[in-house]
$ cat run18.txt   # compact mmCIF, C-alpha atoms
# COMPACT_ATOMS: atom_id res chain seq x y z
CA MET A 1 -10.63 -98.53 -0.86
CA SER A 2 -7.06 -99.64 -1.34
CA ALA A 3 -4.26 -98.07 0.68
CA LYS A 4 -2.58 -95.18 -1.08
CA ASP A 5 0.85 -96.05 -2.33
CA VAL A 6 3.56 -94.25 -0.34
CA TYR A 7 4.70 -92.41 -3.46
CA HIS A 8 1.22 -91.37 -4.55
CA ASP A 9 1.59 -87.71 -3.56
CA LYS A 10 5.11 -87.47 -4.93
CA VAL A 11 3.93 -88.51 -8.38
CA LYS A 12 1.02 -86.10 -8.12
CA ILE A 13 3.43 -83.23 -7.38
CA ALA A 14 5.77 -84.36 -10.18
CA LEU A 15 2.87 -84.30 -12.66
CA GLN A 16 1.80 -80.84 -11.51
CA LYS A 17 5.37 -79.55 -12.00
CA GLU A 18 5.02 -80.55 -15.67
CA ASP A 19 1.73 -78.65 -15.99
CA TRP A 20 -0.57 -81.65 -15.70
CA LEU A 21 -3.92 -80.88 -14.11
CA VAL A 22 -4.75 -83.72 -11.71
CA THR A 23 -8.46 -84.19 -12.29
CA HIS A 24 -9.04 -87.45 -10.40
CA ASP A 25 -7.50 -88.71 -7.15
CA PRO A 26 -8.40 -91.54 -7.42
CA LEU A 27 -9.88 -92.22 -10.86
CA LEU A 28 -12.86 -94.55 -10.49
CA ILE A 29 -14.06 -96.95 -13.17
CA GLU A 30 -17.45 -98.54 -12.62
CA LEU A 31 -17.96 -101.99 -14.10
CA SER A 32 -20.93 -104.25 -13.51
CA SER A 33 -18.54 -106.54 -11.59
CA GLY A 34 -17.45 -103.76 -9.24
CA ARG A 35 -15.52 -100.52 -9.02
CA LEU A 36 -11.85 -100.14 -9.90
CA GLU A 37 -9.69 -97.39 -8.45
CA ILE A 38 -6.72 -96.11 -10.40
CA ASP A 39 -4.41 -93.83 -8.38
CA LEU A 40 -4.59 -90.67 -10.50
CA GLY A 41 -6.28 -89.16 -13.52
CA ALA A 42 -4.70 -86.11 -15.16
CA GLU A 43 -5.15 -83.89 -18.17
CA LYS A 44 -2.94 -81.56 -20.15
CA LEU A 45 -3.91 -78.99 -22.74
CA ILE A 46 -1.85 -79.27 -25.90
CA ALA A 47 -1.84 -76.23 -28.20
CA ALA A 48 -2.39 -78.18 -31.40
CA GLN A 49 -5.17 -80.39 -30.04
CA LYS A 50 -8.81 -79.51 -29.60
CA ASN A 51 -9.16 -81.84 -26.66
CA GLY A 52 -6.66 -82.21 -23.85
CA LEU A 53 -4.45 -85.26 -23.47
CA LYS A 54 -5.86 -87.54 -20.76
CA ILE A 55 -3.88 -90.04 -18.74
CA ALA A 56 -4.40 -92.46 -15.87
CA VAL A 57 -1.48 -93.26 -13.56
CA GLU A 58 -1.06 -96.26 -11.27
CA VAL A 59 1.75 -95.63 -8.78
CA LYS A 60 3.87 -98.51 -7.46
CA SER A 61 6.53 -98.07 -4.77
CA PHE A 62 8.21 -101.48 -5.11
CA LEU A 63 9.20 -101.41 -1.44
CA ALA A 64 8.07 -105.02 -0.78
CA PRO A 65 10.75 -107.66 -0.14
CA SER A 66 10.15 -109.39 -3.49
CA THR A 67 10.30 -107.04 -6.45
CA THR A 68 9.23 -109.87 -8.76
CA SER A 69 6.05 -110.50 -6.74
CA GLU A 70 5.26 -106.81 -6.72
CA PHE A 71 5.85 -106.72 -10.48
CA HIS A 72 3.30 -109.54 -10.99
CA THR A 73 0.71 -107.48 -9.12
CA ALA A 74 1.67 -104.23 -10.86
CA LEU A 75 1.44 -105.83 -14.31
CA GLY A 76 -1.94 -107.38 -13.52
CA GLN A 77 -3.33 -104.13 -12.15
CA PHE A 78 -2.04 -102.13 -15.10
CA LEU A 79 -3.51 -104.55 -17.66
CA ASN A 80 -6.84 -104.93 -15.85
CA TYR A 81 -7.18 -101.15 -15.61
CA ARG A 82 -6.22 -100.76 -19.25
CA VAL A 83 -8.89 -103.15 -20.48
CA ALA A 84 -11.50 -101.45 -18.26
CA LEU A 85 -10.50 -98.03 -19.63
CA LYS A 86 -10.68 -99.38 -23.17
CA VAL A 87 -14.39 -100.01 -22.57
CA LYS A 88 -15.24 -97.02 -20.39
CA GLU A 89 -12.91 -94.24 -21.53
CA PRO A 90 -10.90 -95.31 -24.57
CA SER A 91 -9.16 -91.96 -25.10
CA ARG A 92 -7.40 -92.09 -21.71
CA VAL A 93 -3.89 -93.59 -21.78
CA ILE A 94 -2.65 -95.46 -18.72
CA PHE A 95 0.88 -95.39 -17.32
CA LEU A 96 2.57 -97.39 -14.57
CA ALA A 97 4.61 -95.02 -12.39
CA VAL A 98 7.82 -96.56 -11.00
CA PRO A 99 10.68 -95.04 -8.98
CA VAL A 100 13.84 -94.45 -11.00
CA LYS A 101 16.00 -96.71 -8.78
CA VAL A 102 13.58 -99.61 -9.26
CA TYR A 103 13.52 -98.91 -12.98
CA ARG A 104 17.32 -99.18 -13.17
CA ASN A 105 17.63 -102.20 -10.85
CA PHE A 106 14.67 -104.27 -11.97
CA PHE A 107 12.89 -102.95 -15.05
CA LEU A 108 16.00 -103.20 -17.21
CA GLY A 109 16.22 -106.93 -16.33
CA GLU A 110 15.08 -109.75 -18.61
CA LEU A 111 11.63 -110.50 -17.17
CA ALA A 112 10.46 -106.88 -17.02
CA GLN A 113 11.87 -106.08 -20.47
CA LEU A 114 10.13 -109.11 -22.00
CA SER A 115 6.79 -108.25 -20.39
CA ILE A 116 6.93 -104.54 -21.12
CA ALA A 117 7.56 -105.27 -24.80
CA GLU A 118 5.02 -108.11 -25.06
CA TYR A 119 2.17 -106.29 -23.33
CA ASN A 120 3.06 -102.74 -24.36
CA VAL A 121 3.32 -101.38 -20.82
CA LYS A 122 3.79 -97.61 -20.73
CA LEU A 123 5.99 -96.36 -17.90
CA LEU A 124 6.30 -93.07 -16.07
CA ILE A 125 9.67 -93.09 -14.30
CA PHE A 126 9.87 -90.71 -11.35
CA ASP A 127 12.39 -89.56 -8.75
CA PRO A 128 10.64 -89.71 -5.36
CA GLU A 129 13.23 -87.51 -3.64
CA GLN A 130 13.22 -84.68 -6.18
CA GLU A 131 9.50 -85.24 -6.89
CA VAL A 132 10.07 -84.99 -10.62
CA ILE A 133 9.34 -87.11 -13.66
CA VAL A 134 12.57 -88.56 -15.07
CA GLU A 135 11.23 -90.13 -18.25
CA TRP A 136 8.08 -91.25 -20.04
CA LYS A 137 8.42 -94.64 -21.76
CA ASN A 138 5.72 -95.12 -24.36
CA MET B 139 10.56 -120.20 -2.75
CA SER B 140 7.01 -118.99 -2.74
CA ALA B 141 4.43 -120.61 -0.49
CA LYS B 142 2.52 -123.39 -2.18
CA ASP B 143 -1.04 -122.50 -2.94
CA VAL B 144 -3.46 -124.42 -0.68
CA TYR B 145 -5.00 -126.10 -3.71
CA HIS B 146 -1.70 -127.08 -5.31
CA ASP B 147 -1.94 -130.80 -4.48
CA LYS B 148 -5.62 -130.98 -5.37
CA VAL B 149 -4.91 -129.75 -8.89
CA LYS B 150 -2.00 -132.17 -9.14
CA ILE B 151 -4.29 -135.08 -8.25
CA ALA B 152 -6.99 -133.82 -10.65
CA LEU B 153 -4.43 -133.73 -13.49
CA GLN B 154 -3.23 -137.24 -12.68
CA LYS B 155 -6.83 -138.52 -12.75
CA GLU B 156 -6.98 -137.32 -16.37
CA ASP B 157 -3.77 -139.17 -17.24
CA TRP B 158 -1.45 -136.20 -17.10
CA LEU B 159 2.08 -137.04 -16.02
CA VAL B 160 3.22 -134.33 -13.61
CA THR B 161 6.83 -133.81 -14.66
CA HIS B 162 7.65 -130.65 -12.68
CA ASP B 163 6.58 -129.57 -9.20
CA PRO B 164 7.44 -126.73 -9.43
CA LEU B 165 8.45 -125.87 -12.98
CA LEU B 166 11.47 -123.55 -12.89
CA ILE B 167 12.31 -121.00 -15.58
CA GLU B 168 15.74 -119.44 -15.40
CA LEU B 169 16.04 -115.93 -16.76
CA SER B 170 19.08 -113.67 -16.46
CA SER B 171 16.98 -111.49 -14.13
CA GLY B 172 16.22 -114.41 -11.78
CA ARG B 173 14.31 -117.66 -11.47
CA LEU B 174 10.56 -118.00 -11.90
CA GLU B 175 8.60 -120.84 -10.31
CA ILE B 176 5.39 -122.03 -11.92
CA ASP B 177 3.36 -124.41 -9.74
CA LEU B 178 3.25 -127.45 -12.02
CA GLY B 179 4.50 -128.79 -15.31
CA ALA B 180 2.72 -131.76 -16.90
CA GLU B 181 2.76 -133.81 -20.05
CA LYS B 182 0.30 -136.06 -21.84
CA LEU B 183 0.89 -138.45 -24.69
CA ILE B 184 -1.57 -137.98 -27.52
CA ALA B 185 -1.90 -140.86 -29.97
CA ALA B 186 -1.84 -138.71 -33.09
CA GLN B 187 1.11 -136.57 -31.99
CA LYS B 188 4.77 -137.45 -32.13
CA ASN B 189 5.58 -135.30 -29.11
CA GLY B 190 3.49 -135.16 -25.96
CA LEU B 191 1.36 -132.15 -25.11
CA LYS B 192 3.12 -130.01 -22.51
CA ILE B 193 1.44 -127.63 -20.11
CA ALA B 194 2.36 -125.37 -17.20
CA VAL B 195 -0.23 -124.71 -14.50
CA GLU B 196 -0.32 -121.85 -12.01
CA VAL B 197 -2.79 -122.61 -9.22
CA LYS B 198 -4.71 -119.81 -7.46
CA SER B 199 -6.96 -120.41 -4.47
CA PHE B 200 -8.68 -116.99 -4.40
CA LEU B 201 -9.17 -117.27 -0.65
CA ALA B 202 -7.95 -113.69 0.06
CA PRO B 203 -10.52 -111.10 1.21
CA SER B 204 -10.37 -109.21 -2.10
CA THR B 205 -10.90 -111.39 -5.14
CA THR B 206 -10.15 -108.43 -7.41
CA SER B 207 -6.73 -107.90 -5.81
CA GLU B 208 -5.94 -111.59 -6.10
CA PHE B 209 -7.04 -111.47 -9.73
CA HIS B 210 -4.58 -108.62 -10.43
CA THR B 211 -1.76 -110.77 -9.05
CA ALA B 212 -2.95 -113.93 -10.81
CA LEU B 213 -3.19 -112.13 -14.17
CA GLY B 214 0.28 -110.62 -13.76
CA GLN B 215 1.83 -113.94 -12.76
CA PHE B 216 0.14 -115.78 -15.62
CA LEU B 217 1.26 -113.22 -18.22
CA ASN B 218 4.81 -112.94 -16.86
CA TYR B 219 5.17 -116.71 -16.86
CA ARG B 220 3.72 -116.91 -20.36
CA VAL B 221 6.22 -114.44 -21.79
CA ALA B 222 9.09 -116.25 -20.05
CA LEU B 223 7.92 -119.61 -21.45
CA LYS B 224 7.62 -118.04 -24.90
CA VAL B 225 11.38 -117.45 -24.77
CA LYS B 226 12.51 -120.55 -22.89
CA GLU B 227 10.03 -123.27 -23.86
CA PRO B 228 7.64 -122.03 -26.54
CA SER B 229 5.82 -125.36 -27.01
CA ARG B 230 4.53 -125.43 -23.41
CA VAL B 231 1.07 -123.92 -22.93
CA ILE B 232 0.25 -122.23 -19.63
CA PHE B 233 -3.06 -122.38 -17.79
CA LEU B 234 -4.36 -120.54 -14.74
CA ALA B 235 -6.10 -123.04 -12.43
CA VAL B 236 -9.09 -121.58 -10.54
CA PRO B 237 -11.66 -123.23 -8.23
CA VAL B 238 -15.06 -123.72 -9.84
CA LYS B 239 -16.89 -121.59 -7.24
CA VAL B 240 -14.56 -118.66 -7.89
CA TYR B 241 -15.00 -119.16 -11.61
CA ARG B 242 -18.79 -118.89 -11.27
CA ASN B 243 -18.77 -116.01 -8.77
CA PHE B 244 -15.98 -113.88 -10.15
CA PHE B 245 -14.64 -115.03 -13.51
CA LEU B 246 -18.02 -114.65 -15.22
CA GLY B 247 -18.10 -110.98 -14.13
CA GLU B 248 -17.27 -108.05 -16.40
CA LEU B 249 -13.65 -107.36 -15.39
CA ALA B 250 -12.47 -110.97 -15.59
CA GLN B 251 -14.33 -111.60 -18.84
CA LEU B 252 -12.81 -108.49 -20.44
CA SER B 253 -9.30 -109.41 -19.34
CA ILE B 254 -9.53 -113.09 -20.26
CA ALA B 255 -10.65 -112.16 -23.76
CA GLU B 256 -8.17 -109.30 -24.21
CA TYR B 257 -5.11 -111.19 -22.98
CA ASN B 258 -6.15 -114.69 -24.08
CA VAL B 259 -5.94 -116.24 -20.60
CA LYS B 260 -6.40 -120.02 -20.66
CA LEU B 261 -8.22 -121.42 -17.62
CA LEU B 262 -8.28 -124.82 -15.94
CA ILE B 263 -11.38 -124.88 -13.74
CA PHE B 264 -11.19 -127.42 -10.93
CA ASP B 265 -13.34 -128.71 -8.08
CA PRO B 266 -11.15 -128.75 -4.94
CA GLU B 267 -13.49 -131.06 -3.01
CA GLN B 268 -13.82 -133.74 -5.67
CA GLU B 269 -10.24 -133.14 -6.84
CA VAL B 270 -11.30 -133.17 -10.48
CA ILE B 271 -10.98 -130.88 -13.47
CA VAL B 272 -14.35 -129.38 -14.33
CA GLU B 273 -13.45 -127.64 -17.60
CA TRP B 274 -10.58 -126.41 -19.73
CA LYS B 275 -11.16 -122.95 -21.20
CA ASN B 276 -8.82 -122.30 -24.11
$ encode --input "run18.txt" --output "structure tokens"
Amino acid sequence: MSAKDVYHDKVKIALQKEDWLVTHDPLLIELSSGRLEIDLGAEKLIAAQKNGLKIAVEVKSFLAPSTTSEFHTALGQFLNYRVALKVKEPSRVIFLAVPVKVYRNFFLGELAQLSIAEYNVKLLIFDPEQEVIVEWKN
Amino acid sequence: MSAKDVYHDKVKIALQKEDWLVTHDPLLIELSSGRLEIDLGAEKLIAAQKNGLKIAVEVKSFLAPSTTSEFHTALGQFLNYRVALKVKEPSRVIFLAVPVKVYRNFFLGELAQLSIAEYNVKLLIFDPEQEVIVEWKN
């Protein structure tokens, strides 16, 4: 079991405020090589769709001294989880949840912008103080 | 400066044994968002080619308690470095160097195999005791 990210519950509340039903906390993916734990699984009913929209959310605080190092780990986790979901639950879309200040100070920089574009990283930008979602970046 | 991986010098020696000229230790990539440091840069003259073959090598020991966590970080580093090289030095090919025991015990498992295939991760498998390269996986 990995330690819960400090912003885990804040993102959970932010999702619930936007009518997401948090169905998994954490969301487990069983592979023959071991179990993966994604922070949250959530679902939303959309009027026009027969089946609800399903997401997985990995929450990163970016409170470590090196934001670049934490970004390496976050990118690797996100992409490993995405490939595991592709096999086990292909309809679920995964997002990386990042605090809005970190988004503005780091994710708009060259490295993060290059990687996000190259690897199609979907972001959920949240405000940890207000406990709200600021923006979805698909 | 990040701490040198414990196997850094062993991979350097292994490359030199195969006639690679280690040209950078470390290899620096300057982006507007900051500097990235890849463990090694090396070059080899190939008879049939006008220009030498250039590689970058990121060395991972996988000595941490959780191999999966270290794999998240290694994958993220490898892919961030690759996208930075694509912009700054597109002819240089990057490899992730992993010890042969870790390759057999972890990299043949489901998660690593899925990710390596999905994200086209090139591996340099080395034996840290013999200080030799066991296999290149392109």
$ interface_residues --input "run18.txt" --of "chain A" --to "chain B" --cutoff "8 Å" --atoms "only C-alpha atoms" --output "ChimeraX atom specification"
/A:31-33,71-77,79-80,83-84,106,109-111,114-115,118
$ closest_residue --input "run18.txt" --among "B:Leu183, B:Val270, B:Ile151, B:Val259" --to "Val238 of chain B" --atoms "only C-alpha atoms"
B:Val270
$ atom_distance --input "run18.txt" --atom1 "atom CA of Lys155 of chain B" --atom2 "atom CA of Ala202 of chain B"
28.0 Å
$ atom_distance --input "run18.txt" --atom1 "atom CA of Ser61 of chain A" --atom2 "atom CA of His24 of chain A"
19.7 Å
$ atom_distance --input "run18.txt" --atom1 "atom CA of Ile94 of chain A" --atom2 "atom CA of Glu196 of chain B"
27.3 Å
$ residues_around --input "run18.txt" --residues "Leu166 of chain B" --least-positions-apart "6" --cutoff "10 Å" --atoms "all atoms listed in the file" --output "list in words"
Arg173, Leu174, Glu175, Ile176, Asp177, Leu178 and Gly179 of chain B
$ closest_residue --input "run18.txt" --among "A:Ile55, A:Lys101, A:Leu85, A:Thr67" --to "Lys122 of chain A" --atoms "all atoms listed in the file"
A:Ile55
$ residues_around --input "run18.txt" --residues "Glu156 of chain B" --least-positions-apart "2" --cutoff "10 Å" --atoms "only C-alpha atoms" --output "NGL selection string"
:B and (151-154 or 158-159 or 182 or 270-271)
$ residues_around --input "run18.txt" --residues "Val197 of chain B" --least-positions-apart "6" --cutoff "10 Å" --atoms "only C-alpha atoms" --output "PyMOL selection string"
chain B and resi 142-150+176-178+212+216+233-237+262-264
$ closest_residue --input "run18.txt" --among "B:Pro228, B:Asn258, B:Lys198, B:Glu269" --to "Val240 of chain B" --atoms "only C-alpha atoms"
B:Lys198
$ closest_residue --input "run18.txt" --among "A:Glu129, A:Phe62, A:Val93, A:Lys88" --to "Ala42 of chain A" --atoms "only C-alpha atoms"
A:Val93
$ build_atoms --input "run18.txt" --residues "segment 141-174 of chain B" --atoms "N, CA and C atoms" --output "compact mmCIF listing (two decimals), in the coordinates of the input"
# COMPACT_ATOMS: atom_id res chain seq x y z
N ALA B 141 5.27 -119.65 -1.21
CA ALA B 141 4.43 -120.61 -0.49
C ALA B 141 3.54 -121.34 -1.50
N LYS B 142 3.40 -122.62 -1.30
CA LYS B 142 2.52 -123.39 -2.18
C LYS B 142 1.08 -122.96 -1.95
N ASP B 143 0.37 -122.81 -3.05
CA ASP B 143 -1.04 -122.50 -2.94
C ASP B 143 -1.75 -123.67 -2.26
N VAL B 144 -2.78 -123.35 -1.45
CA VAL B 144 -3.46 -124.42 -0.68
C VAL B 144 -4.07 -125.48 -1.58
N TYR B 145 -4.37 -125.13 -2.81
CA TYR B 145 -5.00 -126.10 -3.71
C TYR B 145 -4.02 -126.79 -4.65
N HIS B 146 -2.74 -126.53 -4.44
CA HIS B 146 -1.70 -127.08 -5.31
C HIS B 146 -1.84 -128.61 -5.50
N ASP B 147 -1.91 -129.34 -4.39
CA ASP B 147 -1.94 -130.80 -4.48
C ASP B 147 -3.26 -131.32 -5.05
N LYS B 148 -4.32 -130.56 -4.83
CA LYS B 148 -5.62 -130.98 -5.37
C LYS B 148 -5.63 -130.90 -6.90
N VAL B 149 -5.00 -129.87 -7.42
CA VAL B 149 -4.91 -129.75 -8.89
C VAL B 149 -3.98 -130.83 -9.44
N LYS B 150 -2.93 -131.12 -8.72
CA LYS B 150 -2.00 -132.17 -9.14
C LYS B 150 -2.72 -133.52 -9.25
N ILE B 151 -3.52 -133.83 -8.24
CA ILE B 151 -4.29 -135.08 -8.25
C ILE B 151 -5.31 -135.07 -9.39
N ALA B 152 -5.98 -133.94 -9.58
CA ALA B 152 -6.99 -133.82 -10.65
C ALA B 152 -6.35 -134.06 -12.02
N LEU B 153 -5.14 -133.52 -12.22
CA LEU B 153 -4.43 -133.73 -13.49
C LEU B 153 -4.09 -135.22 -13.67
N GLN B 154 -3.62 -135.83 -12.60
CA GLN B 154 -3.23 -137.24 -12.68
C GLN B 154 -4.44 -138.13 -12.98
N LYS B 155 -5.60 -137.75 -12.45
CA LYS B 155 -6.83 -138.52 -12.75
C LYS B 155 -7.17 -138.49 -14.23
N GLU B 156 -6.72 -137.41 -14.93
CA GLU B 156 -6.98 -137.32 -16.37
C GLU B 156 -5.75 -137.76 -17.18
N ASP B 157 -4.93 -138.59 -16.56
CA ASP B 157 -3.77 -139.17 -17.24
C ASP B 157 -2.67 -138.19 -17.63
N TRP B 158 -2.60 -137.08 -16.91
CA TRP B 158 -1.45 -136.20 -17.10
C TRP B 158 -0.31 -136.72 -16.23
N LEU B 159 0.89 -136.70 -16.79
CA LEU B 159 2.08 -137.04 -16.02
C LEU B 159 2.65 -135.71 -15.50
N VAL B 160 2.66 -135.56 -14.19
CA VAL B 160 3.22 -134.33 -13.61
C VAL B 160 4.74 -134.46 -13.61
N THR B 161 5.38 -133.69 -14.46
CA THR B 161 6.83 -133.81 -14.66
C THR B 161 7.62 -132.79 -13.83
N HIS B 162 6.97 -131.71 -13.43
CA HIS B 162 7.65 -130.65 -12.68
C HIS B 162 6.76 -130.13 -11.55
N ASP B 163 7.33 -130.06 -10.36
CA ASP B 163 6.58 -129.57 -9.20
C ASP B 163 7.59 -128.96 -8.22
N PRO B 164 7.96 -127.68 -8.42
CA PRO B 164 7.44 -126.73 -9.43
C PRO B 164 8.22 -126.81 -10.74
N LEU B 165 7.75 -126.04 -11.71
CA LEU B 165 8.45 -125.87 -12.98
C LEU B 165 9.28 -124.58 -12.88
N LEU B 166 10.59 -124.71 -13.03
CA LEU B 166 11.47 -123.55 -12.89
C LEU B 166 11.82 -122.98 -14.27
N ILE B 167 11.85 -121.67 -14.35
CA ILE B 167 12.31 -121.00 -15.58
C ILE B 167 13.44 -120.06 -15.17
N GLU B 168 14.58 -120.28 -15.75
CA GLU B 168 15.74 -119.44 -15.40
C GLU B 168 15.87 -118.30 -16.40
N LEU B 169 15.78 -117.10 -15.92
CA LEU B 169 16.04 -115.93 -16.76
C LEU B 169 17.28 -115.23 -16.19
N SER B 170 17.89 -114.37 -16.98
CA SER B 170 19.08 -113.67 -16.46
C SER B 170 18.70 -112.76 -15.29
N SER B 171 17.43 -112.36 -15.22
CA SER B 171 16.98 -111.49 -14.13
C SER B 171 16.59 -112.29 -12.88
N GLY B 172 16.60 -113.60 -12.94
CA GLY B 172 16.22 -114.41 -11.78
C GLY B 172 15.39 -115.61 -12.21
N ARG B 173 15.05 -116.43 -11.22
CA ARG B 173 14.31 -117.66 -11.47
C ARG B 173 12.83 -117.46 -11.22
N LEU B 174 12.01 -118.00 -12.11
CA LEU B 174 10.56 -118.00 -11.90
C LEU B 174 10.13 -119.42 -11.57
